[in-house]
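One file, upload.csv, carrying CSV, C-alpha atoms:
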chain,number,residue,atom,x,y,z
A,1,MET,CA,-39.8,-36.2,29.6
A,2,ASN,CA,-36.2,-36.8,28.9
A,3,LEU,CA,-34.2,-33.8,27.7
A,4,PHE,CA,-31.7,-36.0,25.7
A,5,ASP,CA,-34.6,-37.7,23.8
A,6,ALA,CA,-36.2,-34.3,23.1
A,7,LEU,CA,-32.9,-32.8,21.8
A,8,ASN,CA,-32.3,-35.9,19.7
A,9,TRP,CA,-35.8,-35.7,18.2
A,10,ARG,CA,-35.5,-32.1,17.1
A,11,TYR,CA,-33.9,-30.9,13.9
A,12,ALA,CA,-34.0,-27.8,11.8
A,13,THR,CA,-37.2,-28.6,10.0
A,14,LYS,CA,-37.1,-27.7,6.4
A,15,ARG,CA,-40.7,-28.5,5.4
A,16,MET,CA,-43.8,-28.3,7.6
A,17,ASN,CA,-47.3,-29.7,7.1
A,18,GLY,CA,-49.5,-26.7,7.8
A,19,GLU,CA,-50.8,-28.2,11.1
A,20,GLN,CA,-51.6,-25.6,13.8
A,21,VAL,CA,-49.5,-25.6,17.0
A,22,PRO,CA,-51.9,-25.2,19.9
A,23,GLU,CA,-51.7,-21.9,21.6
A,24,GLU,CA,-50.9,-23.4,25.0
A,25,LYS,CA,-47.8,-25.0,23.6
A,26,VAL,CA,-46.7,-21.7,22.0
A,27,ASP,CA,-47.3,-20.1,25.3
A,28,ARG,CA,-45.1,-22.5,27.1
A,29,ILE,CA,-42.3,-21.9,24.6
A,30,LEU,CA,-42.7,-18.2,25.1
A,31,ASP,CA,-42.6,-18.7,28.9
A,32,ALA,CA,-39.3,-20.5,28.4
A,33,ILE,CA,-38.0,-17.6,26.4
A,34,ARG,CA,-39.0,-15.3,29.1
A,35,LEU,CA,-37.2,-17.4,31.7
A,36,SER,CA,-34.0,-17.5,29.6
A,37,ALA,CA,-30.7,-16.3,31.1
A,38,SER,CA,-29.2,-13.0,29.9
A,39,SER,CA,-26.2,-11.0,30.9
A,40,MET,CA,-26.9,-9.2,34.2
A,41,GLY,CA,-30.5,-10.2,33.7
A,42,LEU,CA,-31.2,-7.3,31.3
A,43,GLN,CA,-33.0,-9.2,28.5
A,44,PRO,CA,-32.0,-6.6,26.0
A,45,TYR,CA,-34.5,-7.8,23.3
A,46,THR,CA,-38.1,-8.0,22.4
A,47,ILE,CA,-39.8,-11.1,21.0
A,48,LEU,CA,-42.4,-10.7,18.2
A,49,THR,CA,-44.9,-13.5,17.4
A,50,VAL,CA,-46.7,-13.7,14.1
A,51,SER,CA,-49.5,-16.2,13.5
A,52,ASN,CA,-51.4,-14.1,10.9
A,53,GLU,CA,-50.8,-15.9,7.5
A,54,ASP,CA,-50.8,-12.7,5.4
A,55,LEU,CA,-48.1,-11.2,7.4
A,56,ARG,CA,-46.0,-14.4,7.3
A,57,LYS,CA,-46.5,-14.4,3.5
A,58,GLU,CA,-45.3,-10.8,3.4
A,59,LEU,CA,-42.2,-11.7,5.4
A,60,GLN,CA,-41.4,-14.8,3.4
A,61,PRO,CA,-39.5,-13.2,0.5
A,62,ALA,CA,-37.3,-11.4,3.1
A,63,ALA,CA,-36.2,-14.9,4.2
A,64,TYR,CA,-35.4,-16.2,0.7
A,65,ASN,CA,-38.9,-17.8,0.5
A,66,GLN,CA,-38.2,-20.5,3.1
A,67,PRO,CA,-41.3,-22.6,3.1
A,68,GLN,CA,-41.5,-23.1,6.9
A,69,ILE,CA,-42.5,-19.5,7.3
A,70,VAL,CA,-45.9,-20.2,5.9
A,71,GLU,CA,-46.1,-24.0,6.4
A,72,GLY,CA,-45.6,-23.5,10.1
A,73,SER,CA,-48.4,-21.9,12.1
A,74,HIS,CA,-46.3,-19.3,14.1
A,75,LEU,CA,-43.2,-17.3,13.4
A,76,ILE,CA,-41.2,-16.0,16.3
A,77,ILE,CA,-38.9,-13.0,15.6
A,78,PHE,CA,-36.1,-12.3,18.1
A,79,ALA,CA,-35.2,-8.6,17.9
A,80,ALA,CA,-32.3,-7.1,19.9
A,81,TRP,CA,-32.4,-3.6,21.3
A,82,ASP,CA,-30.8,-1.4,18.8
A,83,ASP,CA,-29.1,0.5,21.6
A,84,ILE,CA,-29.3,0.3,25.4
A,85,SER,CA,-30.5,3.5,27.1
A,86,GLU,CA,-30.3,4.7,30.7
A,87,GLU,CA,-34.1,4.7,30.6
A,88,GLN,CA,-34.2,1.0,29.8
A,89,ILE,CA,-31.8,0.3,32.6
A,90,ASP,CA,-33.9,2.3,35.0
A,91,GLU,CA,-37.0,0.4,33.9
A,92,TYR,CA,-35.1,-2.8,34.8
A,93,MET,CA,-34.2,-1.4,38.2
A,94,HIS,CA,-37.8,-0.5,38.9
A,95,ASN,CA,-38.8,-4.0,37.9
A,96,ILE,CA,-36.3,-5.5,40.3
A,97,ALA,CA,-37.4,-3.2,43.1
A,98,ASP,CA,-41.1,-4.0,42.5
A,99,VAL,CA,-40.7,-7.8,42.2
A,100,ARG,CA,-38.3,-8.2,45.2
A,101,GLY,CA,-39.8,-5.4,47.3
A,102,VAL,CA,-36.4,-3.7,47.8
A,103,SER,CA,-35.6,0.0,47.5
A,104,LEU,CA,-34.1,1.6,44.4
A,105,ASP,CA,-31.3,2.9,46.6
A,106,SER,CA,-30.3,-0.7,47.5
A,107,LEU,CA,-29.7,-1.3,43.7
A,108,LYS,CA,-27.4,1.7,43.2
A,109,ASP,CA,-24.2,-0.3,42.9
A,110,PHE,CA,-25.8,-2.8,40.6
A,111,ARG,CA,-27.2,0.0,38.4
A,112,THR,CA,-23.7,1.7,38.3
A,113,SER,CA,-22.0,-1.5,37.3
A,114,LEU,CA,-24.6,-2.2,34.6
A,115,ILE,CA,-24.3,1.4,33.2
A,116,ASN,CA,-20.5,1.1,33.2
A,117,THR,CA,-20.7,-2.2,31.4
A,118,VAL,CA,-23.0,-0.7,28.8
A,119,GLN,CA,-21.2,2.6,28.4
A,120,SER,CA,-17.7,1.0,28.1
A,121,ARG,CA,-18.8,-0.5,24.8
A,122,THR,CA,-19.3,1.2,21.4
A,123,PRO,CA,-22.8,1.3,20.0
A,124,ASP,CA,-21.9,-1.6,17.6
A,125,ALA,CA,-20.5,-3.7,20.5
A,126,ARG,CA,-23.6,-3.0,22.6
A,127,TYR,CA,-25.8,-4.2,19.8
A,128,GLU,CA,-23.6,-7.3,19.3
A,129,TRP,CA,-23.8,-8.0,23.0
A,130,ALA,CA,-27.6,-7.8,22.9
A,131,ALA,CA,-27.6,-10.0,19.9
A,132,ARG,CA,-25.6,-12.7,21.7
A,133,GLN,CA,-28.2,-12.7,24.5
A,134,VAL,CA,-30.8,-13.3,21.9
A,135,TYR,CA,-29.0,-16.5,21.0
A,136,ILE,CA,-29.3,-17.8,24.6
A,137,ALA,CA,-33.0,-17.2,24.3
A,138,LEU,CA,-33.0,-19.0,21.0
A,139,GLY,CA,-31.2,-22.0,22.5
A,140,THR,CA,-33.8,-22.1,25.3
A,141,ALA,CA,-36.7,-21.7,22.9
A,142,LEU,CA,-35.5,-24.6,20.6
A,143,THR,CA,-35.1,-26.8,23.7
A,144,ALA,CA,-38.6,-25.9,24.9
A,145,ALA,CA,-40.1,-26.5,21.5
A,146,ALA,CA,-38.5,-30.0,21.4
A,147,VAL,CA,-39.8,-30.8,24.9
A,148,GLU,CA,-43.3,-29.9,23.6
A,149,ARG,CA,-42.7,-32.0,20.5
A,150,VAL,CA,-43.2,-29.0,18.4
A,151,ASP,CA,-41.0,-28.7,15.4
A,152,ALA,CA,-38.9,-25.5,15.1
A,153,THR,CA,-36.6,-24.0,12.5
A,154,PRO,CA,-34.0,-21.6,13.8
A,155,MET,CA,-33.3,-19.1,11.0
A,156,GLU,CA,-30.5,-16.6,10.4
A,157,GLY,CA,-31.1,-16.8,6.7
A,158,PHE,CA,-33.1,-13.6,6.1
A,159,ILE,CA,-32.4,-10.0,5.3
A,160,PRO,CA,-32.7,-8.2,8.7
A,161,GLU,CA,-33.2,-4.8,7.1
A,162,LYS,CA,-36.3,-6.0,5.1
A,163,VAL,CA,-37.8,-7.7,8.2
A,164,ASP,CA,-37.2,-4.6,10.2
A,165,GLU,CA,-38.9,-2.5,7.6
A,166,ILE,CA,-42.0,-4.7,7.2
A,167,LEU,CA,-42.5,-4.8,11.0
A,168,ASN,CA,-41.4,-1.2,11.7
A,169,LEU,CA,-38.8,-2.5,14.1
A,170,ARG,CA,-36.3,0.4,13.9
A,171,GLU,CA,-39.0,2.8,15.0
A,172,LYS,CA,-39.4,0.6,18.1
A,173,GLY,CA,-35.6,0.6,18.7
A,174,LEU,CA,-35.3,-3.0,17.6
A,175,ARG,CA,-33.3,-5.0,15.0
A,176,SER,CA,-34.2,-8.5,14.0
A,177,VAL,CA,-31.5,-11.0,14.8
A,178,ALA,CA,-33.0,-14.5,14.4
A,179,MET,CA,-36.3,-16.1,13.7
A,180,MET,CA,-37.9,-19.4,14.6
A,181,ALA,CA,-40.8,-21.0,12.7
A,182,LEU,CA,-43.0,-23.3,14.8
A,183,GLY,CA,-45.1,-26.1,13.2
A,184,TYR,CA,-45.0,-29.8,12.5
A,185,ARG,CA,-42.6,-31.6,10.2
A,186,ASP,CA,-43.8,-32.8,6.8
A,187,GLU,CA,-42.3,-36.3,6.9
A,188,GLU,CA,-42.9,-37.0,3.2
A,189,ASN,CA,-41.4,-33.8,1.8
A,190,ASP,CA,-38.6,-32.9,4.2
A,191,PHE,CA,-35.5,-34.8,3.2
A,192,LEU,CA,-34.1,-34.2,6.6
A,193,ALA,CA,-37.0,-35.7,8.5
A,194,ASN,CA,-35.6,-39.1,8.6
A,195,ALA,CA,-31.9,-38.3,8.3
A,196,LYS,CA,-29.5,-39.3,11.1
A,197,LYS,CA,-28.4,-36.4,13.3
A,198,VAL,CA,-24.9,-35.3,12.6
A,199,ARG,CA,-22.8,-33.9,15.4
A,200,ARG,CA,-19.0,-33.5,15.9
A,201,GLU,CA,-17.6,-36.5,17.7
A,202,LYS,CA,-17.6,-36.0,21.4
A,203,LYS,CA,-13.8,-36.4,21.7
A,204,LYS,CA,-13.3,-33.6,19.2
A,205,LEU,CA,-16.0,-31.3,20.4
A,206,ILE,CA,-15.2,-31.6,24.1
A,207,LEU,CA,-11.7,-31.5,25.5
A,208,GLN,CA,-11.1,-32.4,29.2
A,209,LEU,CA,-8.3,-30.3,30.5
A,210,ASN,CA,-7.2,-32.4,33.5
B,1,MET,CA,-39.6,-33.2,34.8
B,2,ASN,CA,-41.3,-30.0,34.0
B,3,LEU,CA,-39.2,-27.5,31.9
B,4,PHE,CA,-40.9,-24.5,33.3
B,5,ASP,CA,-40.2,-25.5,36.9
B,6,ALA,CA,-36.6,-26.2,36.0
B,7,LEU,CA,-36.1,-22.8,34.4
B,8,ASN,CA,-37.8,-21.1,37.3
B,9,TRP,CA,-35.5,-23.0,39.7
B,10,ARG,CA,-32.3,-21.9,38.1
B,11,TYR,CA,-30.5,-18.6,38.6
B,12,ALA,CA,-27.0,-17.3,38.0
B,13,THR,CA,-25.6,-18.7,41.1
B,14,LYS,CA,-23.1,-16.3,42.8
B,15,ARG,CA,-21.8,-18.6,45.6
B,16,MET,CA,-21.5,-22.4,45.5
B,17,ASN,CA,-20.9,-24.8,48.4
B,18,GLY,CA,-18.0,-26.9,47.1
B,19,GLU,CA,-20.1,-30.0,46.6
B,20,GLN,CA,-19.1,-32.2,43.7
B,21,VAL,CA,-21.4,-32.6,40.7
B,22,PRO,CA,-21.6,-36.3,39.8
B,23,GLU,CA,-19.8,-37.1,36.5
B,24,GLU,CA,-22.9,-38.6,35.0
B,25,LYS,CA,-24.8,-35.3,35.4
B,26,VAL,CA,-21.9,-33.4,33.9
B,27,ASP,CA,-21.9,-35.9,31.0
B,28,ARG,CA,-25.6,-35.3,30.4
B,29,ILE,CA,-25.1,-31.6,30.3
B,30,LEU,CA,-22.2,-32.1,27.8
B,31,ASP,CA,-24.5,-34.3,25.7
B,32,ALA,CA,-27.0,-31.5,25.6
B,33,ILE,CA,-24.3,-29.1,24.5
B,34,ARG,CA,-23.3,-31.6,21.7
B,35,LEU,CA,-27.0,-31.8,20.6
B,36,SER,CA,-27.4,-28.0,20.4
B,37,ALA,CA,-28.5,-26.4,17.2
B,38,SER,CA,-26.0,-24.3,15.2
B,39,SER,CA,-26.1,-22.5,11.9
B,40,MET,CA,-25.9,-25.0,9.1
B,41,GLY,CA,-25.0,-27.6,11.7
B,42,LEU,CA,-21.3,-26.6,11.7
B,43,GLN,CA,-20.8,-26.3,15.5
B,44,PRO,CA,-17.9,-23.9,15.0
B,45,TYR,CA,-16.7,-24.1,18.6
B,46,THR,CA,-14.9,-26.4,21.0
B,47,ILE,CA,-15.9,-27.0,24.6
B,48,LEU,CA,-13.3,-27.3,27.4
B,49,THR,CA,-14.0,-28.8,30.7
B,50,VAL,CA,-11.9,-28.2,33.8
B,51,SER,CA,-12.4,-30.1,37.1
B,52,ASN,CA,-8.8,-29.8,38.3
B,53,GLU,CA,-8.9,-27.4,41.2
B,54,ASP,CA,-5.4,-26.0,40.6
B,55,LEU,CA,-6.2,-25.1,37.0
B,56,ARG,CA,-9.5,-23.5,38.1
B,57,LYS,CA,-7.5,-21.4,40.7
B,58,GLU,CA,-5.2,-20.3,38.0
B,59,LEU,CA,-8.1,-19.2,35.9
B,60,GLN,CA,-9.9,-17.4,38.7
B,61,PRO,CA,-8.0,-14.1,38.5
B,62,ALA,CA,-8.8,-13.9,34.8
B,63,ALA,CA,-12.5,-13.9,35.8
B,64,TYR,CA,-12.2,-11.1,38.4
B,65,ASN,CA,-11.9,-13.7,41.1
B,66,GLN,CA,-15.5,-14.9,40.9
B,67,PRO,CA,-15.9,-17.5,43.6
B,68,GLN,CA,-18.0,-20.0,41.7
B,69,ILE,CA,-15.0,-20.9,39.6
B,70,VAL,CA,-13.4,-22.7,42.6
B,71,GLU,CA,-16.6,-23.2,44.7
B,72,GLY,CA,-18.2,-25.2,41.9
B,73,SER,CA,-16.7,-28.5,40.9
B,74,HIS,CA,-16.5,-28.1,37.1
B,75,LEU,CA,-15.8,-25.1,34.8
B,76,ILE,CA,-17.0,-25.3,31.2
B,77,ILE,CA,-15.3,-23.0,28.7
B,78,PHE,CA,-17.1,-22.3,25.4
B,79,ALA,CA,-14.5,-21.4,22.8
B,80,ALA,CA,-15.4,-20.3,19.3
B,81,TRP,CA,-13.3,-21.1,16.3
B,82,ASP,CA,-11.0,-18.2,15.7
B,83,ASP,CA,-11.6,-18.6,12.0
B,84,ILE,CA,-13.3,-21.2,9.8
B,85,SER,CA,-11.2,-23.0,7.3
B,86,GLU,CA,-12.1,-25.1,4.2
B,87,GLU,CA,-10.4,-28.0,6.1
B,88,GLN,CA,-12.9,-27.7,8.9
B,89,ILE,CA,-15.8,-27.5,6.5
B,90,ASP,CA,-14.5,-30.6,4.7
B,91,GLU,CA,-14.2,-32.4,8.0
B,92,TYR,CA,-17.8,-31.6,8.6
B,93,MET,CA,-18.7,-33.0,5.1
B,94,HIS,CA,-16.9,-36.2,5.8
B,95,ASN,CA,-18.8,-36.5,9.1
B,96,ILE,CA,-22.1,-36.1,7.4
B,97,ALA,CA,-21.1,-38.6,4.7
B,98,ASP,CA,-20.0,-41.1,7.3
B,99,VAL,CA,-23.0,-40.8,9.7
B,100,ARG,CA,-25.7,-40.8,6.9
B,101,GLY,CA,-23.9,-43.2,4.6
B,102,VAL,CA,-24.1,-40.8,1.6
B,103,SER,CA,-21.4,-39.8,-0.9
B,104,LEU,CA,-19.4,-36.6,-0.6
B,105,ASP,CA,-20.6,-35.8,-4.1
B,106,SER,CA,-24.2,-35.6,-2.9
B,107,LEU,CA,-23.1,-32.9,-0.5
B,108,LYS,CA,-21.5,-30.7,-3.1
B,109,ASP,CA,-24.2,-28.1,-3.2
B,110,PHE,CA,-24.4,-27.9,0.6
B,111,ARG,CA,-20.6,-27.6,0.8
B,112,THR,CA,-20.6,-24.8,-1.7
B,113,SER,CA,-23.4,-22.9,0.1
B,114,LEU,CA,-21.6,-23.3,3.4
B,115,ILE,CA,-18.3,-22.1,1.9
B,116,ASN,CA,-20.0,-19.1,0.3
B,117,THR,CA,-21.7,-18.2,3.6
B,118,VAL,CA,-18.4,-18.3,5.4
B,119,GLN,CA,-16.3,-16.5,2.7
B,120,SER,CA,-18.8,-13.8,2.2
B,121,ARG,CA,-18.0,-12.6,5.7
B,122,THR,CA,-14.9,-10.7,7.0
B,123,PRO,CA,-12.7,-12.7,9.5
B,124,ASP,CA,-14.2,-10.6,12.4
B,125,ALA,CA,-17.8,-11.3,11.2
B,126,ARG,CA,-16.9,-15.0,10.9
B,127,TYR,CA,-15.7,-15.0,14.5
B,128,GLU,CA,-18.8,-13.2,15.7
B,129,TRP,CA,-21.0,-15.6,13.8
B,130,ALA,CA,-19.2,-18.5,15.6
B,131,ALA,CA,-19.5,-16.7,18.9
B,132,ARG,CA,-23.3,-16.4,18.4
B,133,GLN,CA,-23.6,-20.1,17.9
B,134,VAL,CA,-21.8,-20.6,21.2
B,135,TYR,CA,-24.6,-18.7,22.9
B,136,ILE,CA,-27.2,-21.2,21.5
B,137,ALA,CA,-25.1,-24.0,23.1
B,138,LEU,CA,-24.9,-21.9,26.3
B,139,GLY,CA,-28.7,-21.6,26.4
B,140,THR,CA,-29.1,-25.3,25.9
B,141,ALA,CA,-26.4,-26.1,28.6
B,142,LEU,CA,-28.1,-23.8,31.2
B,143,THR,CA,-31.4,-25.5,30.5
B,144,ALA,CA,-29.9,-29.0,30.7
B,145,ALA,CA,-28.1,-28.1,34.0
B,146,ALA,CA,-31.5,-26.9,35.4
B,147,VAL,CA,-33.2,-30.1,34.4
B,148,GLU,CA,-30.4,-32.0,36.3
B,149,ARG,CA,-30.9,-29.6,39.2
B,150,VAL,CA,-27.3,-28.7,39.0
B,151,ASP,CA,-26.6,-25.0,39.6
B,152,ALA,CA,-24.8,-23.1,36.9
B,153,THR,CA,-23.4,-19.7,36.5
B,154,PRO,CA,-23.1,-18.3,32.9
B,155,MET,CA,-20.1,-15.9,32.8
B,156,GLU,CA,-19.1,-13.3,30.3
B,157,GLY,CA,-17.2,-11.4,33.0
B,158,PHE,CA,-13.6,-12.6,32.3
B,159,ILE,CA,-10.7,-11.4,30.2
B,160,PRO,CA,-10.7,-13.7,27.2
B,161,GLU,CA,-7.1,-13.0,26.3
B,162,LYS,CA,-6.0,-14.2,29.7
B,163,VAL,CA,-8.1,-17.3,29.6
B,164,ASP,CA,-6.9,-18.0,26.1
B,165,GLU,CA,-3.3,-17.6,27.2
B,166,ILE,CA,-3.6,-19.9,30.3
B,167,LEU,CA,-5.3,-22.6,28.2
B,168,ASN,CA,-3.2,-22.1,25.0
B,169,LEU,CA,-6.4,-21.6,23.1
B,170,ARG,CA,-5.1,-19.4,20.3
B,171,GLU,CA,-2.6,-22.2,19.3
B,172,LYS,CA,-5.6,-24.5,19.0
B,173,GLY,CA,-7.4,-21.9,16.7
B,174,LEU,CA,-9.8,-21.1,19.5
B,175,ARG,CA,-11.0,-18.0,21.5
B,176,SER,CA,-12.9,-18.2,24.8
B,177,VAL,CA,-16.4,-16.6,24.5
B,178,ALA,CA,-18.3,-17.7,27.6
B,179,MET,CA,-17.8,-19.9,30.7
B,180,MET,CA,-20.2,-21.8,32.9
B,181,ALA,CA,-19.4,-22.9,36.4
B,182,LEU,CA,-21.3,-26.0,37.6
B,183,GLY,CA,-21.9,-26.8,41.3
B,184,TYR,CA,-24.5,-26.4,44.0
B,185,ARG,CA,-25.8,-23.1,45.5
B,186,ASP,CA,-24.6,-22.0,48.9
B,187,GLU,CA,-28.0,-21.0,50.3
B,188,GLU,CA,-26.5,-19.2,53.3
B,189,ASN,CA,-24.0,-17.0,51.5
B,190,ASP,CA,-25.6,-16.4,48.1
B,191,PHE,CA,-27.9,-13.3,48.5
B,192,LEU,CA,-29.6,-14.4,45.2
B,193,ALA,CA,-30.4,-17.9,46.4
B,194,ASN,CA,-33.8,-16.9,47.8
B,195,ALA,CA,-34.5,-13.8,45.7
B,196,LYS,CA,-37.5,-13.7,43.5
B,197,LYS,CA,-36.8,-14.2,39.8
B,198,VAL,CA,-37.0,-10.9,37.9
B,199,ARG,CA,-38.1,-11.0,34.2
B,200,ARG,CA,-39.5,-8.3,31.9
B,201,GLU,CA,-43.3,-8.4,32.0
B,202,LYS,CA,-44.7,-10.7,29.4
B,203,LYS,CA,-46.7,-7.9,27.7
B,204,LYS,CA,-43.5,-5.9,27.3
B,205,LEU,CA,-41.2,-8.7,26.3
B,206,ILE,CA,-43.5,-10.4,23.8
B,207,LEU,CA,-45.5,-8.5,21.2
B,208,GLN,CA,-48.2,-10.3,19.2
B,209,LEU,CA,-48.3,-8.8,15.8
B,210,ASN,CA,-51.8,-9.9,14.7
What is this structure when it is put down as structure tokens?
Amino acid sequence: MNLFDALNWRYATKRMNGEQVPEEKVDRILDAIRLSASSMGLQPYTILTVSNEDLRKELQPAAYNQPQIVEGSHLIIFAAWDDISEEQIDEYMHNIADVRGVSLDSLKDFRTSLINTVQSRTPDARYEWAARQVYIALGTALTAAAVERVDATPMEGFIPEKVDEILNLREKGLRSVAMMALGYRDEENDFLANAKKVRREKKKLILQLN
Amino acid sequence: MNLFDALNWRYATKRMNGEQVPEEKVDRILDAIRLSASSMGLQPYTILTVSNEDLRKELQPAAYNQPQIVEGSHLIIFAAWDDISEEQIDEYMHNIADVRGVSLDSLKDFRTSLINTVQSRTPDARYEWAARQVYIALGTALTAAAVERVDATPMEGFIPEKVDEILNLREKGLRSVAMMALGYRDEENDFLANAKKVRREKKKLILQLN
């Protein structure tokens, strides 16, 4: 596969045809999300997947009735941690110690630096920092979907409070930041399906400073 | 190429060996950035590339002297638009009209909806929105670098005001948000080069809501 071809093929699909995305493709997209980079490796977010059609129908009005939510087969919700606790940081330290077979003591400096990074920010800034990490995962997920030739619609156009309420996210310490519908483009009804891709000219977008 | 293998191979490289990344690889990574998704397709950012070593040395103290900035061969700076003007939106409309061969009049509704989206936000929220889009591009760029088997370090750890000053970004209506060093890992001196990748367990990171 060629990454350039995959990225050229993808677009923010507006209408989908109801066809089911095979679970093994969804899994590979979720694996890519799991491997996404994040600041200090913390992954301060949780990913929710919804394939149940009734639940997607319930969520649809919260996203201004965008059709892809039900015309796709899976809806992925990216939720940032509402706040970052010392407990969560310690869970991360235990995970590093387990996976790498090192002592917690050897991670002391890293733990301190992560705690300082987190505590130097206001709660709002911490949430915004977590939300930005979500967007790295979203970029990775869109790329992975394109490689799988699965259509995907990244969505910011929804009312986070409503989505959080329907899915009880605040109780879980989470806030919805972005969503991604997965499915297959409806070539006949999606006016964008055959539209040329528009991007800023390379010479305007990218400046070489030498 | 297998995306999963590429993402598993990559890590936030802490030390690089000074080897030069070929320009054609850098170009393909920049092409991937250009093809990144962004809200409403606006791409509210500009990408700056620095290969000049003197300039990278000048930038290094602003990034707490992280060695990759000079040990890599290229530094990519992701700068969000400081604000979003009607002029910039109109430039985008002209670009769509040119690329797709449609009239500006046919884009009237889209233009209105984009302007409403932008103007409904405070200047701070507009900047934060632009910054989030940068992170999609960063996620795409890290993936593209991994596919090219080029090492990359995503960096938030720098003083944006200093980077902006050195590169005169504010005069260009830009603010630095993230950076990415490109190069090749120094297997001997990078303690992370052979460390196992740590990620949150799949069952904790991903919740299936069915």
**Request:** Kindly provide, as a VMD selection string, the residues of chain B having any atom no farther than 7 Å from an atom of chain A, counting only C-alpha atoms.
**Result:** chain B and resid 1 4 7 to 8 32 34 to 35 46 to 52 96 99 to 100 132 135 to 140 143 195 to 196 198 to 199 205 to 210
**Request:** Have a look at CA of Lys14 (chain A) and CA of Ala80 (chain B) and let me know their distance in Å, one decimal.
**Result:**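 Taking CA of Lys14 (chain A) and CA of Ala80 (chain B), their separation equals 26.3 Å.
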**Request:** Would you mind telling me which residue in B:Gln88, B:Gln68, B:Asn116, B:Thr13 lies nearest to Glu187 (chain B) when using all atoms listed in the file?
**Result:** B:Thr13
**Interatomic distance (Å, one decimal) between CA of Gln20 (chain A) and CA of Ala193 (chain A)** =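 Those two atoms sit 18.5 Å apart.
Straight-line separation from CA of Leu174 (chain B) to CA of Arg126 (chain B): 12.7 Å.
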